[in-house]
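Structure file input-v6.txt (compact mmCIF, C-alpha atoms and all ligand atoms) follows.
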# COMPACT_ATOMS: atom_id res chain seq x y z
CA MET A 26 -34.04 19.49 67.05
CA GLU A 27 -35.19 22.91 65.94
CA ILE A 28 -34.50 26.14 67.85
CA ARG A 29 -36.22 29.34 66.87
CA SER A 30 -37.59 32.54 68.34
CA ALA A 31 -41.04 32.35 69.85
CA THR A 32 -43.92 34.41 68.53
CA ASP A 33 -46.76 36.01 70.46
CA GLU A 34 -48.84 32.97 69.45
CA ASP A 35 -46.56 30.41 71.10
CA LEU A 36 -45.72 32.42 74.23
CA ASP A 37 -48.21 30.23 76.13
CA VAL A 38 -46.38 27.11 74.97
CA PHE A 39 -43.12 28.77 76.02
CA VAL A 40 -44.42 29.55 79.52
CA ASP A 41 -45.93 26.08 79.86
CA THR A 42 -42.58 24.50 78.93
CA VAL A 43 -40.67 26.69 81.42
CA HIS A 44 -43.12 25.74 84.14
CA ALA A 45 -42.63 22.04 83.41
CA ALA A 46 -38.82 22.46 83.39
CA PHE A 47 -38.90 24.17 86.80
CA GLY A 48 -41.41 21.69 88.26
CA LEU A 49 -44.12 24.33 88.63
CA PHE A 50 -47.75 23.72 87.83
CA PRO A 51 -48.93 26.46 85.51
CA GLU A 52 -51.95 27.21 87.67
CA ALA A 53 -49.85 27.69 90.81
CA PRO A 54 -48.68 31.23 91.46
CA VAL A 55 -45.06 31.72 90.49
CA ASP A 56 -42.92 32.35 93.54
CA GLY A 57 -42.31 36.06 93.99
CA GLY A 58 -44.95 37.40 91.62
CA GLY A 59 -47.15 35.53 89.17
CA LEU A 60 -46.87 38.27 86.60
CA TRP A 61 -43.17 37.74 86.09
CA TRP A 62 -43.55 35.94 82.76
CA SER A 63 -45.55 38.83 81.38
CA ALA A 64 -42.34 40.89 81.22
CA LEU A 65 -40.89 38.59 78.54
CA ASP A 66 -40.55 39.82 74.95
CA ALA A 67 -41.66 37.03 72.59
CA ASP A 68 -38.97 37.83 70.02
CA ARG A 69 -36.26 37.41 72.69
CA CYS A 70 -37.60 33.96 73.69
CA LEU A 71 -36.17 30.77 72.18
CA LEU A 72 -38.14 27.57 71.95
CA ALA A 73 -36.40 24.26 71.24
CA ARG A 74 -38.54 21.55 69.68
CA ALA A 75 -37.74 17.86 69.35
CA ALA A 76 -37.86 16.13 65.95
CA ASP A 77 -41.53 15.26 66.56
CA GLY A 78 -42.33 18.98 67.04
CA ARG A 79 -42.84 18.82 70.81
CA PRO A 80 -41.42 21.77 72.76
CA VAL A 81 -38.58 20.58 75.00
CA GLY A 82 -36.49 23.63 75.96
CA THR A 83 -36.68 27.36 76.55
CA ALA A 84 -34.34 30.31 76.98
CA ALA A 85 -34.98 34.04 76.84
CA THR A 86 -33.29 37.38 77.34
CA HIS A 87 -34.48 40.70 78.72
CA ALA A 88 -33.06 43.92 77.31
CA PHE A 89 -31.42 45.57 80.33
CA GLU A 90 -28.85 48.27 80.83
CA LEU A 91 -25.88 47.46 83.05
CA THR A 92 -23.87 50.06 84.95
CA LEU A 93 -20.13 49.61 84.55
CA PRO A 94 -17.33 50.83 86.83
CA GLY A 95 -17.08 54.57 86.18
CA GLY A 96 -20.78 54.88 85.40
CA ALA A 97 -21.08 53.92 81.72
CA LEU A 98 -24.48 52.40 80.95
CA VAL A 99 -24.32 49.60 78.40
CA PRO A 100 -26.90 47.22 76.92
CA ALA A 101 -26.89 43.87 78.67
CA ALA A 102 -28.91 40.85 77.62
CA GLY A 103 -30.36 39.34 80.78
CA VAL A 104 -30.62 35.59 80.15
CA THR A 105 -33.55 33.97 81.88
CA ALA A 106 -36.24 31.26 81.69
CA VAL A 107 -33.67 28.62 80.78
CA GLY A 108 -35.20 25.18 81.06
CA VAL A 109 -35.22 21.74 79.48
CA LEU A 110 -37.95 19.17 80.12
CA PRO A 111 -36.83 16.41 82.51
CA THR A 112 -37.41 13.87 79.74
CA HIS A 113 -34.86 15.56 77.47
CA ARG A 114 -32.06 16.53 79.84
CA ARG A 115 -28.36 15.75 79.36
CA GLN A 116 -28.83 15.35 75.64
CA GLY A 117 -27.29 18.68 74.67
CA VAL A 118 -30.47 20.78 74.43
CA LEU A 119 -29.13 23.56 76.65
CA ARG A 120 -25.78 23.53 74.89
CA ALA A 121 -27.55 23.99 71.53
CA MET A 122 -29.76 26.77 72.92
CA MET A 123 -26.76 28.60 74.42
CA ARG A 124 -24.96 28.46 71.08
CA HIS A 125 -28.03 29.80 69.29
CA GLN A 126 -28.62 32.48 71.89
CA LEU A 127 -25.05 33.81 71.99
CA ALA A 128 -24.94 33.95 68.17
CA GLY A 129 -28.25 35.84 68.17
CA LEU A 130 -26.96 38.35 70.74
CA ARG A 131 -23.90 39.03 68.62
CA GLU A 132 -26.12 39.56 65.60
CA ARG A 133 -28.01 42.15 67.61
CA GLY A 134 -24.70 43.88 68.29
CA GLU A 135 -24.73 43.10 72.02
CA PHE A 136 -21.33 42.65 73.60
CA LEU A 137 -22.18 41.14 76.93
CA SER A 138 -24.85 39.09 78.58
CA VAL A 139 -25.72 38.48 82.21
CA LEU A 140 -27.73 35.98 84.19
CA LEU A 141 -28.63 34.69 87.63
CA ALA A 142 -27.68 31.02 87.83
CA SER A 143 -30.11 28.55 89.43
CA GLU A 144 -27.12 26.25 90.02
CA ALA A 145 -23.51 27.38 89.97
CA PRO A 146 -22.04 24.50 87.91
CA ILE A 147 -24.20 25.16 84.82
CA TYR A 148 -22.89 28.30 83.11
CA GLY A 149 -19.09 28.43 83.37
CA ARG A 150 -18.81 26.11 80.36
CA TYR A 151 -20.69 28.69 78.27
CA GLY A 152 -18.29 31.49 79.24
CA TYR A 153 -20.19 33.04 82.17
CA GLY A 154 -18.39 33.92 85.39
CA PRO A 155 -19.83 35.07 88.74
CA ALA A 156 -19.28 38.84 88.83
CA THR A 157 -21.28 40.28 91.72
CA TYR A 158 -21.95 38.97 95.18
CA THR A 159 -24.50 39.68 97.84
CA THR A 160 -24.74 39.09 101.56
CA ARG A 161 -27.57 38.80 104.07
CA LEU A 162 -27.16 40.62 107.37
CA THR A 163 -29.26 39.35 110.26
CA VAL A 164 -29.43 41.87 113.08
CA ALA A 165 -30.48 41.23 116.68
CA ARG A 166 -32.50 44.40 117.08
CA HIS A 167 -31.95 44.80 120.80
CA LYS A 168 -28.16 44.75 120.38
CA ALA A 169 -28.15 47.10 117.41
CA ALA A 170 -27.46 50.48 119.00
CA PHE A 171 -25.61 52.76 116.61
CA ALA A 172 -22.13 53.86 117.68
CA VAL A 173 -21.31 57.54 117.82
CA PRO A 174 -19.30 58.11 114.60
CA ARG A 175 -15.64 58.64 115.48
CA ALA A 176 -14.65 60.73 112.44
CA ARG A 177 -13.64 64.29 113.36
CA PRO A 178 -15.04 66.62 112.35
CA ALA A 179 -18.18 64.47 112.45
CA LEU A 180 -20.15 64.06 109.23
CA PRO A 181 -23.35 66.10 109.25
CA ALA A 182 -26.27 64.16 110.73
CA PRO A 183 -28.63 62.94 108.00
CA ALA A 184 -31.36 65.46 107.37
CA GLY A 185 -34.73 64.55 105.93
CA THR A 186 -37.83 62.58 106.76
CA VAL A 187 -39.10 59.03 106.52
CA GLU A 188 -42.67 58.22 105.62
CA VAL A 189 -44.24 54.76 105.45
CA LEU A 190 -46.36 54.09 102.41
CA ARG A 191 -48.14 51.07 101.04
CA ARG A 192 -46.82 49.91 97.71
CA SER A 193 -50.01 51.10 96.00
CA GLU A 194 -49.44 54.64 97.34
CA CYS A 195 -45.93 54.99 95.95
CA GLY A 196 -46.78 55.93 92.37
CA GLU A 197 -43.58 56.46 90.39
CA ILE A 198 -41.44 57.21 93.45
CA LEU A 199 -39.81 53.80 93.64
CA GLU A 200 -39.10 53.63 89.95
CA GLU A 201 -37.46 57.07 89.99
CA VAL A 202 -35.36 56.41 93.08
CA TYR A 203 -34.32 53.00 91.75
CA ASP A 204 -33.35 54.50 88.41
CA ARG A 205 -31.10 57.12 90.03
CA TYR A 206 -29.52 54.46 92.22
CA ARG A 207 -28.83 51.95 89.45
CA ARG A 208 -27.13 54.59 87.27
CA ALA A 209 -24.63 55.22 90.07
CA GLN A 210 -24.09 51.62 91.20
CA PRO A 211 -21.71 49.45 89.15
CA GLY A 212 -23.24 46.03 88.58
CA ALA A 213 -26.82 47.30 88.86
CA LEU A 214 -29.37 46.63 86.12
CA SER A 215 -32.12 48.84 84.81
CA ARG A 216 -35.66 47.86 85.70
CA PRO A 217 -37.56 48.76 82.55
CA HIS A 218 -40.67 50.83 83.05
CA ARG A 219 -42.87 47.99 81.88
CA TRP A 220 -41.61 45.83 84.77
CA TRP A 221 -42.96 48.35 87.25
CA ARG A 222 -46.12 48.81 85.20
CA LEU A 223 -46.71 45.04 84.92
CA ARG A 224 -45.64 44.50 88.53
CA ALA A 225 -43.26 41.87 87.23
CA GLY A 226 -40.65 40.26 89.46
CA GLN A 227 -40.19 40.43 93.18
CA ALA A 228 -41.14 42.99 95.77
CA PRO A 229 -41.18 45.93 95.68
CA VAL A 230 -41.88 45.78 91.94
CA SER A 231 -44.50 43.05 92.36
CA ALA A 232 -47.84 43.31 94.06
CA ALA A 233 -46.58 41.28 97.04
CA PRO A 234 -47.67 43.13 100.19
CA ARG A 235 -44.88 45.35 101.45
CA TYR A 236 -44.38 48.46 103.51
CA ILE A 237 -42.21 51.04 101.84
CA ALA A 238 -40.23 53.49 103.95
CA VAL A 239 -39.58 56.46 101.68
CA HIS A 240 -36.84 58.87 102.68
CA ARG A 241 -37.12 62.48 101.50
CA ASP A 242 -34.47 65.18 101.58
CA THR A 243 -35.10 68.51 103.32
CA GLY A 244 -36.73 69.79 100.12
CA GLY A 245 -39.20 66.87 100.16
CA VAL A 246 -37.62 65.05 97.21
CA PRO A 247 -37.54 61.23 97.60
CA ASP A 248 -33.91 60.09 97.76
CA GLY A 249 -34.20 56.55 99.11
CA TYR A 250 -36.54 53.77 100.09
CA ALA A 251 -36.56 50.49 101.98
CA SER A 252 -39.10 47.83 101.09
CA TYR A 253 -39.96 45.46 103.92
CA ALA A 254 -42.42 43.06 105.50
CA VAL A 255 -42.92 42.05 109.15
CA GLU A 256 -43.83 38.53 110.16
CA SER A 257 -43.63 36.74 113.52
CA GLY A 258 -41.23 39.26 115.04
CA THR A 259 -38.90 39.38 112.05
CA LEU A 260 -38.68 42.40 109.82
CA THR A 261 -37.24 41.51 106.42
CA VAL A 262 -35.91 44.22 104.14
CA ASP A 263 -35.98 43.23 100.45
CA GLU A 264 -33.90 46.15 99.33
CA THR A 265 -32.69 49.53 100.53
CA ILE A 266 -32.21 51.77 97.54
CA THR A 267 -30.29 55.02 97.72
CA THR A 268 -27.11 56.55 96.37
CA ASP A 269 -26.35 58.27 99.68
CA ASP A 270 -24.76 56.51 102.68
CA ALA A 271 -26.39 58.91 105.15
CA VAL A 272 -29.82 58.11 103.70
CA PHE A 273 -29.05 54.40 103.96
CA THR A 274 -28.20 54.90 107.61
CA ALA A 275 -31.41 56.85 108.22
CA LEU A 276 -33.47 54.04 106.64
CA ALA A 277 -31.56 51.38 108.59
CA ARG A 278 -32.18 53.29 111.83
CA PHE A 279 -35.84 53.49 110.89
CA VAL A 280 -36.36 49.75 110.30
CA LEU A 281 -34.29 48.90 113.38
CA GLY A 282 -36.53 51.15 115.44
CA HIS A 283 -39.59 48.90 115.07
CA ASP A 284 -41.12 47.71 118.32
CA LEU A 285 -42.33 44.09 118.56
CA VAL A 286 -39.53 43.05 116.24
CA SER A 287 -36.62 40.98 117.54
CA THR A 288 -34.72 40.42 114.28
CA VAL A 289 -34.15 42.58 111.24
CA VAL A 290 -32.88 40.85 108.12
CA PHE A 291 -31.27 42.91 105.36
CA LYS A 292 -31.61 40.44 102.51
CA HIS A 293 -29.18 41.99 100.06
CA LEU A 294 -26.13 43.98 101.05
CA PRO A 295 -23.04 44.43 98.90
CA PRO A 296 -19.86 42.80 100.21
CA GLY A 297 -18.10 45.10 102.66
CA HIS A 298 -21.17 47.23 103.37
CA PRO A 299 -20.47 49.53 106.36
CA LEU A 300 -23.74 48.92 108.26
CA ARG A 301 -22.23 46.31 110.60
CA ARG A 302 -19.41 48.68 111.49
CA GLN A 303 -21.94 51.32 112.53
CA PHE A 304 -23.23 49.27 115.44
CA ALA A 305 -21.64 49.83 118.84
CA ASP A 306 -21.61 46.03 119.14
CA LEU A 307 -19.99 44.55 116.05
CA ARG A 308 -21.69 41.23 116.81
CA ALA A 309 -25.16 42.72 116.62
CA GLY A 310 -25.18 41.81 112.96
CA GLU A 311 -24.40 38.37 111.60
CA ALA A 312 -23.46 38.08 107.94
CA GLY A 313 -24.61 34.98 106.12
CA GLY A 314 -26.01 33.70 102.87
CA ASP A 315 -23.02 35.00 100.93
CA THR A 316 -23.80 34.16 97.36
CA ASP A 317 -22.98 34.92 93.77
CA TRP A 318 -25.61 37.02 92.05
CA LEU A 319 -24.95 38.43 88.59
CA TRP A 320 -22.90 36.32 86.14
CA VAL A 321 -21.25 38.08 83.21
CA ARG A 322 -20.37 36.74 79.74
CA LEU A 323 -18.28 38.91 77.42
CA LEU A 324 -19.04 38.52 73.71
CA ASP A 325 -16.60 41.15 72.44
CA VAL A 326 -13.59 41.52 74.71
CA PRO A 327 -12.04 44.71 73.23
CA ARG A 328 -15.41 46.46 73.20
CA ALA A 329 -16.13 45.42 76.75
CA LEU A 330 -12.71 46.50 78.01
CA THR A 331 -12.96 49.94 76.41
CA ALA A 332 -16.55 50.50 77.59
CA ARG A 333 -15.69 50.68 81.28
CA ASP A 334 -13.53 53.16 83.18
CA TRP A 335 -10.22 52.16 84.73
CA PRO A 336 -8.81 53.58 87.94
CA VAL A 337 -5.16 53.60 86.76
CA ASP A 338 -3.17 54.46 83.68
CA GLY A 339 -0.93 51.77 82.21
CA GLU A 340 -0.80 48.70 80.03
CA LEU A 341 -2.11 45.19 80.59
CA VAL A 342 -1.89 42.25 78.19
CA LEU A 343 -4.60 39.61 78.55
CA ASP A 344 -4.55 36.31 76.70
CA VAL A 345 -8.17 35.15 76.62
CA GLU A 346 -9.45 31.68 75.69
CA ASP A 347 -13.09 31.20 74.78
CA PRO A 348 -13.47 27.42 74.39
CA PHE A 349 -17.26 27.44 73.96
CA LEU A 350 -17.11 29.80 70.98
CA GLY A 351 -13.77 28.32 69.83
CA GLU A 352 -12.06 31.71 69.98
CA HIS A 353 -8.77 33.04 71.30
CA GLY A 354 -7.46 36.60 71.50
CA ARG A 355 -4.47 38.39 72.99
CA HIS A 356 -5.43 41.93 73.90
CA LEU A 357 -3.30 44.93 74.82
CA LEU A 358 -5.32 47.25 77.06
CA THR A 359 -3.81 50.71 77.30
CA VAL A 360 -5.21 53.35 79.61
CA ARG A 361 -3.97 56.95 79.30
CA ASP A 362 -5.58 59.82 81.19
CA GLY A 363 -8.55 57.56 81.82
CA GLU A 364 -9.03 56.77 78.08
CA ALA A 365 -8.91 53.05 77.27
CA ASP A 366 -7.76 51.49 74.04
CA CYS A 367 -7.66 47.76 73.31
CA VAL A 368 -5.88 46.21 70.33
CA PRO A 369 -4.66 42.75 69.32
CA THR A 370 -1.04 42.11 70.26
CA ASP A 371 1.59 39.41 70.13
CA ARG A 372 3.38 40.78 73.20
CA GLU A 373 4.00 38.45 76.13
CA PRO A 374 0.82 38.39 78.23
CA ASP A 375 0.58 39.51 81.83
CA LEU A 376 -2.29 37.09 82.44
CA SER A 377 -3.77 34.11 80.57
CA LEU A 378 -7.35 33.39 81.42
CA ASP A 379 -10.64 31.86 80.36
CA VAL A 380 -13.35 34.25 79.16
CA SER A 381 -15.53 33.14 82.11
CA ASP A 382 -12.83 34.34 84.52
CA LEU A 383 -12.60 37.64 82.67
CA GLY A 384 -16.39 37.89 83.16
CA SER A 385 -15.79 37.48 86.91
CA LEU A 386 -13.15 40.24 86.94
CA TYR A 387 -14.97 42.63 84.62
CA LEU A 388 -17.08 44.59 87.12
CA GLY A 389 -14.41 44.58 89.82
CA GLY A 390 -16.18 42.08 92.10
CA THR A 391 -13.32 39.56 92.00
CA ALA A 392 -9.64 40.44 92.26
CA PRO A 393 -7.41 38.89 89.58
CA SER A 394 -4.96 37.81 92.31
CA THR A 395 -7.73 35.71 93.90
CA LEU A 396 -8.18 33.74 90.68
CA VAL A 397 -4.42 33.47 90.27
CA ARG A 398 -4.14 32.06 93.78
CA ALA A 399 -7.07 29.72 93.06
CA GLY A 400 -5.15 28.33 90.10
CA HIS A 401 -7.62 29.49 87.44
CA VAL A 402 -5.72 32.46 86.00
CA ARG A 403 -2.05 32.23 85.01
CA ALA A 404 0.19 35.16 85.95
CA HIS A 405 3.20 35.29 83.63
CA HIS A 406 5.53 37.29 85.90
CA PRO A 407 5.77 38.04 89.62
CA ASP A 408 4.15 41.50 89.35
CA ALA A 409 1.34 40.47 86.99
CA ALA A 410 -1.35 39.78 89.59
CA ALA A 411 -0.70 43.04 91.47
CA LEU A 412 -0.70 44.96 88.18
CA ALA A 413 -4.04 43.42 87.17
CA ASP A 414 -5.46 44.01 90.67
CA ALA A 415 -4.69 47.73 90.31
CA PHE A 416 -6.59 47.80 86.99
CA PHE A 417 -9.68 45.96 88.24
CA ARG A 418 -9.82 47.46 91.79
CA PRO A 419 -13.35 48.83 92.26
CA GLU A 420 -14.15 52.12 93.93
CA ARG A 421 -17.08 50.28 95.51
CA PRO A 422 -17.90 46.60 95.11
CA PRO A 423 -20.30 46.03 92.22
CA HIS A 424 -23.74 45.00 93.39
CA CYS A 425 -26.94 43.86 91.74
CA LEU A 426 -30.17 43.14 93.52
CA HIS A 427 -32.47 42.93 90.55
CA TRP A 428 -34.05 39.48 90.24
CA PHE A 429 -35.02 38.19 86.82
C1 LIG A 501 -30.54 31.85 83.82
C2 LIG A 501 -31.50 30.79 84.21
O1 LIG A 501 -32.59 30.74 83.70
S1 LIG A 501 -31.02 29.67 85.36
C3 LIG A 501 -32.21 28.34 85.25
C4 LIG A 501 -31.64 27.05 84.73
N1 LIG A 501 -32.72 26.07 84.69
C5 LIG A 501 -32.99 25.21 85.67
O2 LIG A 501 -32.31 25.14 86.68
C6 LIG A 501 -34.24 24.37 85.47
C7 LIG A 501 -33.97 22.87 85.73
N2 LIG A 501 -32.86 22.34 84.92
C8 LIG A 501 -32.95 22.20 83.58
O3 LIG A 501 -33.95 22.55 82.94
C9 LIG A 501 -31.77 21.58 82.86
O4 LIG A 501 -31.14 20.63 83.69
C10 LIG A 501 -30.69 22.59 82.40
C11 LIG A 501 -31.34 23.67 81.54
C12 LIG A 501 -30.00 23.24 83.59
C13 LIG A 501 -29.63 21.83 81.59
O5 LIG A 501 -30.19 21.40 80.37
P1 LIG A 501 -29.62 20.13 79.58
O6 LIG A 501 -30.26 20.14 78.22
O7 LIG A 501 -29.74 18.94 80.41
O8 LIG A 501 -28.07 20.51 79.44
P2 LIG A 501 -27.08 19.89 78.36
O9 LIG A 501 -27.46 18.46 78.08
O10 LIG A 501 -26.98 20.78 77.17
O11 LIG A 501 -25.76 19.95 79.20
C14 LIG A 501 -24.63 20.61 78.80
C15 LIG A 501 -23.55 20.37 79.83
O12 LIG A 501 -23.90 20.98 81.06
C16 LIG A 501 -23.92 20.03 82.10
N3 LIG A 501 -25.03 20.40 82.99
C17 LIG A 501 -26.27 20.70 82.60
N4 LIG A 501 -27.03 20.99 83.69
C18 LIG A 501 -26.23 20.87 84.76
C19 LIG A 501 -26.45 21.04 86.14
N5 LIG A 501 -27.66 21.36 86.62
N6 LIG A 501 -25.40 20.84 86.97
C20 LIG A 501 -24.18 20.49 86.45
N7 LIG A 501 -23.93 20.31 85.14
C21 LIG A 501 -24.95 20.51 84.30
C22 LIG A 501 -24.14 18.71 81.41
O13 LIG A 501 -23.69 17.65 82.20
C23 LIG A 501 -23.33 18.90 80.15
O14 LIG A 501 -21.95 18.73 80.44
P3 LIG A 501 -20.91 18.22 79.34
O15 LIG A 501 -20.90 19.29 78.27
O16 LIG A 501 -19.64 18.13 80.10
O17 LIG A 501 -21.45 16.92 78.84
Conversion result in structure tokens:
Amino acid sequence: MEIRSATDEDLDVFVDTVHAAFGLFPEAPVDGGGLWWSALDADRCLLARAADGRPVGTAATHAFELTLPGGALVPAAGVTAVGVLPTHRRQGVLRAMMRHQLAGLRERGEFLSVLLASEAPIYGRYGYGPATYTTRLTVARHKAAFAVPRARPALPAPAGTVEVLRRSECGEILEEVYDRYRRAQPGALSRPHRWWRLRAGQAPVSAAPRYIAVHRDTGGVPDGYASYAVESGTLTVDETITTDDAVFTALARFVLGHDLVSTVVFKHLPPGHPLRRQFADLRAGEAGGDTDWLWVRLLDVPRALTARDWPVDGELVLDVEDPFLGEHGRHLLTVRDGEADCVPTDREPDLSLDVSDLGSLYLGGTAPSTLVRAGHVRAHHPDAAALADAFFRPERPPHCLHWF
């Protein structure tokens, strides 16, 4: 088998092979926006060919930026379009492509990669761990009266306006608002300009028909939007994008104010989002569809650990196994006045863990103690899990709603 980067000339073969791997006919529109493949960069696409030269497998990466806890923006390879023809499965094609891809990312100097997994059992073996989660909130509109906030003094009522636009009328507004949001939200990915330009991906980036409620501050500057569609009495919100809780509330009030709608579905909320608590009737909203979203794979542990901010000062020793790459490292993470340093050590570890579990902890979406209790991470002394929890505790849960 031969694995090599695609060229512009064989991008069609690449797309054809992905379609066959996913059971899609090439002429059928791709779910969520037929132009999605057009966002691929040929030189980041891998094509695996069998000995007879026939294409049998594909894998690609997008060049994204990921927001880390504390706000650092780092390059993140977004793995996508992974597929092997049904005739060639379970013969090690994916394993070989993953090896090739991870080596290539390291050569490019990238220190982490991310992906959305079609099936959860696939990627742990390659060192990926689920790192962000998302929840769907289904709201019975007629029960969803907002409670009077109990905080005293009360927070100022949200000021500003909401205007409904068609996607085609939004110009650069969505891209600008999204970009501000993703820089402030740990776990969020950049949406490169060409995605918006090519209308690649899912609404509201794609040309799929959507209403867009744009919120503007009192100076008229857009500071949030909600993208939604209404069908058969159900209003479905793809995403509500803002950095400001009061603006989120204003947009939620707006979509919940629609007549002739019985149910409002917020498709993607971060775990622990306060919206449900804002209803006078807690049961007005039903959480469901809890699922993993972004998976993280660290390729250079010390670099990754020093790239993000930490909420506490102190020392933590992590003993990390990376079976897929055949690597092992014991790392002393020291944080002083917010500055992180990470060096090899032979000190007794606080925790021993697989690199996939460190990927799960990295953005703060999973507490170390949870993985200790699950039997996946070993705590070497009674205080180790609590110590690690204090290091990885997020200010806000990481969240990603970019689909790729
Ligand atoms: C980021 C993304 O793009 S997600 C999209 C992933 N692609 C798809 O879901 C499309 C449909 N599926 C496929 O094309 C293929 O089944 C793939 C790509 C998932 C797997 O490709 P294969 O070449 O069959 O995998 P390969 O033979 O290298 O398997 C490696 C290991 O993973 C395991 N594995 C592979 N796929 C799966 C799966 N779907 N569920 C559970 N285990 C799996 C194999 O059993 C094997 O285990 P082992 O090392 O213990 O023997």
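Minimum atom-to-atom distance to Val345 in chain A, evaluated using all atoms listed in the file, belongs to A:Asp379 out of A:Asp325, A:Asp379, A:Glu188, A:Asp66.
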Near ligand LIG 501 (chain A), 9 Å: chain A residue rows, closest pairs, all atoms listed in the file, as CSV:
residue,atom,partner,partner_atom,distance
A:Val43,CA,A:LIG501,C6,7.9
A:Ala45,CA,A:LIG501,O3,8.7
A:Ala46,CA,A:LIG501,O3,4.9
A:Phe47,CA,A:LIG501,C6,4.9
A:Gly48,CA,A:LIG501,C7,7.9
A:Val81,CA,A:LIG501,O6,8.9
A:Gly82,CA,A:LIG501,O6,7.5
A:Thr83,CA,A:LIG501,C11,8.2
A:Ala84,CA,A:LIG501,O1,7.0
A:Ala85,CA,A:LIG501,O1,8.0
A:Thr86,CA,A:LIG501,C1,9.0
A:Gly103,CA,A:LIG501,C1,8.1
A:Val104,CA,A:LIG501,C1,5.2
A:Thr105,CA,A:LIG501,O1,3.8
A:Ala106,CA,A:LIG501,O1,4.2
A:Val107,CA,A:LIG501,O1,3.8
A:Gly108,CA,A:LIG501,O3,3.5
A:Val109,CA,A:LIG501,O3,3.8
A:Leu110,CA,A:LIG501,O3,5.9
A:Pro111,CA,A:LIG501,O3,6.8
A:His113,CA,A:LIG501,O6,6.5
A:Arg114,CA,A:LIG501,O7,3.4
A:Arg115,CA,A:LIG501,O9,3.1
A:Gln116,CA,A:LIG501,O9,4.2
A:Gly117,CA,A:LIG501,O10,3.3
A:Val118,CA,A:LIG501,O6,3.8
A:Leu119,CA,A:LIG501,O10,3.6
A:Arg120,CA,A:LIG501,O10,3.8
A:Ala121,CA,A:LIG501,O10,6.5
A:Met122,CA,A:LIG501,O10,7.9
A:Met123,CA,A:LIG501,O10,8.3
A:Val139,CA,A:LIG501,C1,8.4
A:Leu140,CA,A:LIG501,C1,5.0
A:Leu141,CA,A:LIG501,C1,5.1
A:Ala142,CA,A:LIG501,S1,4.4
A:Ser143,CA,A:LIG501,S1,4.3
A:Glu144,CA,A:LIG501,N5,6.0
A:Ala145,CA,A:LIG501,N6,7.4
A:Pro146,CA,A:LIG501,C20,4.8
A:Ile147,CA,A:LIG501,C21,4.7
A:Tyr148,CA,A:LIG501,O12,7.7
A:Arg150,CA,A:LIG501,O12,7.3
A:Tyr151,CA,A:LIG501,O12,8.8
A:Phe429,CA,A:LIG501,C1,8.3
>> With distances taken over all atoms listed in the file, which residue among A:His424, A:Arg133, A:Arg302, A:Arg322 lies nearest Val173 in chain A?
In response: A:Arg302
>> What's the separation between CA of Thr359 in chain A and CA of Leu386 in chain A, in Å to one decimal place?
In response: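 CA of Leu386 in chain A lies at a distance of 17.0 Å from CA of Thr359 in chain A.
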>> Between A:Leu300, A:Met26, A:Ala184, A:Val397, which residue has the minimum interatomic distance to Gly244 in chain A, considering all atoms listed in the file?
In response: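 Using all atoms listed in the file, the shortest distance to Gly244 in chain A belongs to A:Ala184.
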> From the set A:Thr157, A:Arg192, A:Ala305, A:Leu214, which residue has the shortest atom-to-atom contact distance to Arg175 in chain A, counting all atoms listed in the file?
Replying inline: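 Under the stated criterion, the closest residue is A:Ala305.
Non-sequential neighbours of range 390-394 of chain A (distance at most 7 Å, separation of 6 or more positions within a chain, all atoms listed in the file) are A:Ala156, A:Thr157, A:Ala410, A:Ala411, A:Ala413, A:Asp414, A:Phe417, A:Pro422, A:Pro423.
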> Taking only C-alpha atoms into account, which of A:Leu324, A:Val342, A:Leu388, A:Ala97 comes nearest Gly134 in chain A?
Replying inline: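 Result for the nearest residue to Gly134 in chain A: A:Leu324.
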Padding 4 Å on every side, please: axis-aligned box over the listed atoms of range 324-341 of chain A, centre and edge lengths to one decimal in Å, as JSON.
{"center_x": -9.9, "center_y": 46.5, "center_z": 80.2, "size_x": 26.2, "size_y": 23.9, "size_z": 23.5}
> Nearest to His87 in chain A: which of A:Arg361, A:Arg219, A:His240, A:His405 is it, counting only C-alpha atoms?
Replying inline: A:Arg219
